[in-house]
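Down below is the structure, laid out as structure tokens.
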Amino acid sequence: MRTVFIAGHARLPSGMAAKSIYDTVTITAEIDKKYGVIVNAGCTLATLHGREFVQQLLRGYSLNDGIDEPIATLKKHYLGKAGHALASALTDLYKQFEMYKNNEE
């Protein structure tokens with residue numbers, strides 16, 4: 001298999017629709033092992049539109065290039081209450097990816 005599935009988690013702020021279902025937000029990503037490119041992504045936002053939007057924002061970024069650019073894009077284009085939680089979940093996902101890479105070497 002050429003991809004790996006990784007998840008990142010963060011606590012949601014109060015007052016969100018998803019908070020009634022989940023205490024945390026999760027971003028998942030299918031990542032190409034060789035190039036670190038996010039092939040597909042998902043998250044646990046309450047609305048389909050929100051989930052699809054985050055998926056489109058993250059697809060195509062290479063985590064081999066770091067996490068700063070995808071986080072900046074997320075902060076610039078996602079203006080919902082979960083923005084900080086999504087950025088934290090993405091940072092956690094990146095940490096998981098780095099651990100994976102270090103264990104593969």
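Labels for the structure tokens follow display order: chains A, B, ..., residues from 1 in each chain, ligands from 1.
Of the residues in range 19-64 of chain A, those given alpha helix (DSSP H) by DSSP on the backbone are Leu48, His49, Gly50, Arg51, Glu52, Phe53, Val54, Gln55, Gln56, Leu57 and Leu58 of chain A.
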Resulting file, chosen residues, all heavy atoms, as a compact mmCIF listing (two decimals), in the first residue's frame:
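File written: result-v1.txt
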# COMPACT_ATOMS: atom_id res chain seq x y z
N LEU A 48 -21.97 18.58 6.46
CA LEU A 48 -21.31 18.00 5.29
C LEU A 48 -20.53 19.08 4.55
O LEU A 48 -19.40 18.85 4.11
CB LEU A 48 -22.34 17.36 4.36
CG LEU A 48 -21.81 16.80 3.04
CD1 LEU A 48 -20.79 15.70 3.29
CD2 LEU A 48 -22.96 16.30 2.18
N HIS A 49 -21.11 20.25 4.44
CA HIS A 49 -20.45 21.35 3.73
C HIS A 49 -19.12 21.70 4.41
O HIS A 49 -18.10 21.88 3.73
CB HIS A 49 -21.37 22.57 3.70
CG HIS A 49 -20.91 23.64 2.78
ND1 HIS A 49 -21.29 24.93 2.91
CD2 HIS A 49 -20.08 23.62 1.71
CE1 HIS A 49 -20.73 25.66 1.97
NE2 HIS A 49 -19.98 24.89 1.23
N GLY A 50 -19.10 21.76 5.73
CA GLY A 50 -17.88 22.04 6.47
C GLY A 50 -16.84 20.95 6.27
O GLY A 50 -15.65 21.24 6.08
N ARG A 51 -17.28 19.71 6.33
CA ARG A 51 -16.35 18.58 6.14
C ARG A 51 -15.75 18.61 4.74
O ARG A 51 -14.54 18.41 4.57
CB ARG A 51 -17.07 17.26 6.40
CG ARG A 51 -17.49 17.09 7.85
CD ARG A 51 -18.01 15.69 8.15
NE ARG A 51 -19.14 15.29 7.36
CZ ARG A 51 -20.41 15.44 7.70
NH1 ARG A 51 -20.73 16.04 8.85
NH2 ARG A 51 -21.39 15.02 6.91
N GLU A 52 -16.58 18.86 3.73
CA GLU A 52 -16.09 18.92 2.35
C GLU A 52 -15.14 20.10 2.15
O GLU A 52 -14.15 19.99 1.42
CB GLU A 52 -17.26 18.99 1.37
CG GLU A 52 -18.02 17.69 1.27
CD GLU A 52 -19.28 17.79 0.41
OE1 GLU A 52 -19.72 18.93 0.10
OE2 GLU A 52 -19.81 16.73 0.04
N PHE A 53 -15.44 21.23 2.78
CA PHE A 53 -14.60 22.41 2.65
C PHE A 53 -13.20 22.15 3.20
O PHE A 53 -12.19 22.46 2.56
CB PHE A 53 -15.25 23.60 3.36
CG PHE A 53 -14.54 24.90 3.12
CD1 PHE A 53 -14.72 25.59 1.93
CD2 PHE A 53 -13.69 25.43 4.08
CE1 PHE A 53 -14.07 26.80 1.70
CE2 PHE A 53 -13.03 26.63 3.86
CZ PHE A 53 -13.22 27.31 2.66
N VAL A 54 -13.12 21.55 4.39
CA VAL A 54 -11.83 21.24 4.99
C VAL A 54 -11.09 20.23 4.12
O VAL A 54 -9.87 20.34 3.91
CB VAL A 54 -12.00 20.73 6.44
CG1 VAL A 54 -10.69 20.19 7.00
CG2 VAL A 54 -12.53 21.86 7.33
N GLN A 55 -11.81 19.26 3.59
CA GLN A 55 -11.19 18.27 2.71
C GLN A 55 -10.54 18.95 1.50
O GLN A 55 -9.40 18.67 1.16
CB GLN A 55 -12.25 17.27 2.23
CG GLN A 55 -11.73 16.24 1.27
CD GLN A 55 -12.85 15.37 0.73
OE1 GLN A 55 -13.89 15.89 0.30
NE2 GLN A 55 -12.66 14.08 0.75
N GLN A 56 -11.25 19.87 0.88
CA GLN A 56 -10.72 20.57 -0.29
C GLN A 56 -9.52 21.44 0.08
O GLN A 56 -8.56 21.55 -0.69
CB GLN A 56 -11.80 21.43 -0.92
CG GLN A 56 -12.89 20.64 -1.61
CD GLN A 56 -14.04 21.53 -2.05
OE1 GLN A 56 -13.86 22.72 -2.26
NE2 GLN A 56 -15.22 20.95 -2.20
N LEU A 57 -9.57 22.07 1.27
CA LEU A 57 -8.46 22.92 1.70
C LEU A 57 -7.16 22.13 1.87
O LEU A 57 -6.09 22.63 1.55
CB LEU A 57 -8.79 23.59 3.03
CG LEU A 57 -9.63 24.84 3.00
CD1 LEU A 57 -9.89 25.32 4.43
CD2 LEU A 57 -8.98 25.95 2.21
N LEU A 58 -7.27 20.92 2.39
CA LEU A 58 -6.06 20.17 2.75
C LEU A 58 -5.50 19.29 1.64
O LEU A 58 -4.30 19.01 1.64
CB LEU A 58 -6.35 19.31 3.99
CG LEU A 58 -6.73 20.08 5.25
CD1 LEU A 58 -7.02 19.11 6.38
CD2 LEU A 58 -5.65 21.07 5.62
Exercise: range 70-77 of chain A partners within 10 Å, only C-alpha atoms, chain neighbours under 3 positions left out, as a ChimeraX atom specification: /A:53-54,57-63,65-67,80,83-84,86-88,90-91
Report the closest atom pair, with its distance in Å rounded to one decimal, for each residue of range 47-95 of chain A that has an atom no farther than 9 Å from range 1-7 of chain A; count only C-alpha atoms, sort by chain and then rising residue number, and write it as a Markdown table.
| residue | atom | partner | partner_atom | distance |
| --- | --- | --- | --- | --- |
| A:Ala89 | CA | A:Ala7 | CA | 8.2 |
| A:Leu90 | CA | A:Ala7 | CA | 8.5 |
| A:Asp92 | CA | A:Ala7 | CA | 7.9 |
| A:Leu93 | CA | A:Ala7 | CA | 5.4 |
| A:Tyr94 | CA | A:Ile6 | CA | 8.7 |
task: Measure the distance from CA of Val25 in chain A to CA of Phe97 in chain A in Å and round it to one decimal.
output: 17.6 Å
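Across the structure, CA of Gly8 in chain A and CA of Ala82 in chain A are spaced 14.1 Å apart.
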message: Could you go through range 28-95 of chain A and tell me which residues DSSP, when run on the backbone, assigns to strand (DSSP E or B), listing them as an MDAnalysis selection string?
response: chainID A and resid 28:32 37:43 62
Next, dump the selected residues to file, keeping only N, CA and C atoms, as a tab-separated table (two decimals), in the first residue's frame.
chain	number	residue	atom	x	y	z
A	28	THR	N	-8.71	13.56	9.77
A	28	THR	CA	-8.05	12.36	9.28
A	28	THR	C	-7.50	12.65	7.89
A	29	ALA	N	-6.42	11.97	7.55
A	29	ALA	CA	-5.83	12.17	6.23
A	29	ALA	C	-5.23	10.88	5.73
A	30	GLU	N	-5.45	10.64	4.45
A	30	GLU	CA	-4.75	9.57	3.74
A	30	GLU	C	-3.56	10.25	3.09
A	31	ILE	N	-2.37	9.78	3.44
A	31	ILE	CA	-1.14	10.47	3.04
A	31	ILE	C	-0.25	9.52	2.25
A	32	ASP	N	0.25	10.01	1.12
A	32	ASP	CA	1.20	9.26	0.31
A	32	ASP	C	2.48	9.08	1.12
A	37	VAL	N	2.15	13.68	0.57
A	37	VAL	CA	1.03	14.47	0.05
A	37	VAL	C	-0.29	13.95	0.62
A	38	ILE	N	-1.13	14.89	1.05
A	38	ILE	CA	-2.47	14.54	1.52
A	38	ILE	C	-3.31	14.20	0.29
A	39	VAL	N	-3.65	12.93	0.17
A	39	VAL	CA	-4.44	12.43	-0.96
A	39	VAL	C	-5.92	12.70	-0.72
A	40	ASN	N	-6.33	12.51	0.53
A	40	ASN	CA	-7.73	12.73	0.91
A	40	ASN	C	-7.75	13.09	2.39
A	41	ALA	N	-8.75	13.86	2.79
A	41	ALA	CA	-8.84	14.27	4.18
A	41	ALA	C	-10.30	14.31	4.61
A	42	GLY	N	-10.52	14.21	5.89
A	42	GLY	CA	-11.86	14.30	6.44
A	42	GLY	C	-11.79	14.91	7.83
A	43	CYS	N	-12.94	15.32	8.34
A	43	CYS	CA	-12.98	15.84	9.71
A	43	CYS	C	-14.36	15.60	10.28
A	62	SER	N	1.84	18.73	0.78
A	62	SER	CA	2.82	17.74	1.21
A	62	SER	C	3.27	18.05	2.63
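Distance check against Lys101 in chain A using only C-alpha atoms: of A:Ala46, A:Tyr35, A:Ala85, A:Leu79, the minimum falls on A:Tyr35.
Atom to atom, CA of Thr24 in chain A and CA of Thr44 in chain A stand 8.4 Å apart.
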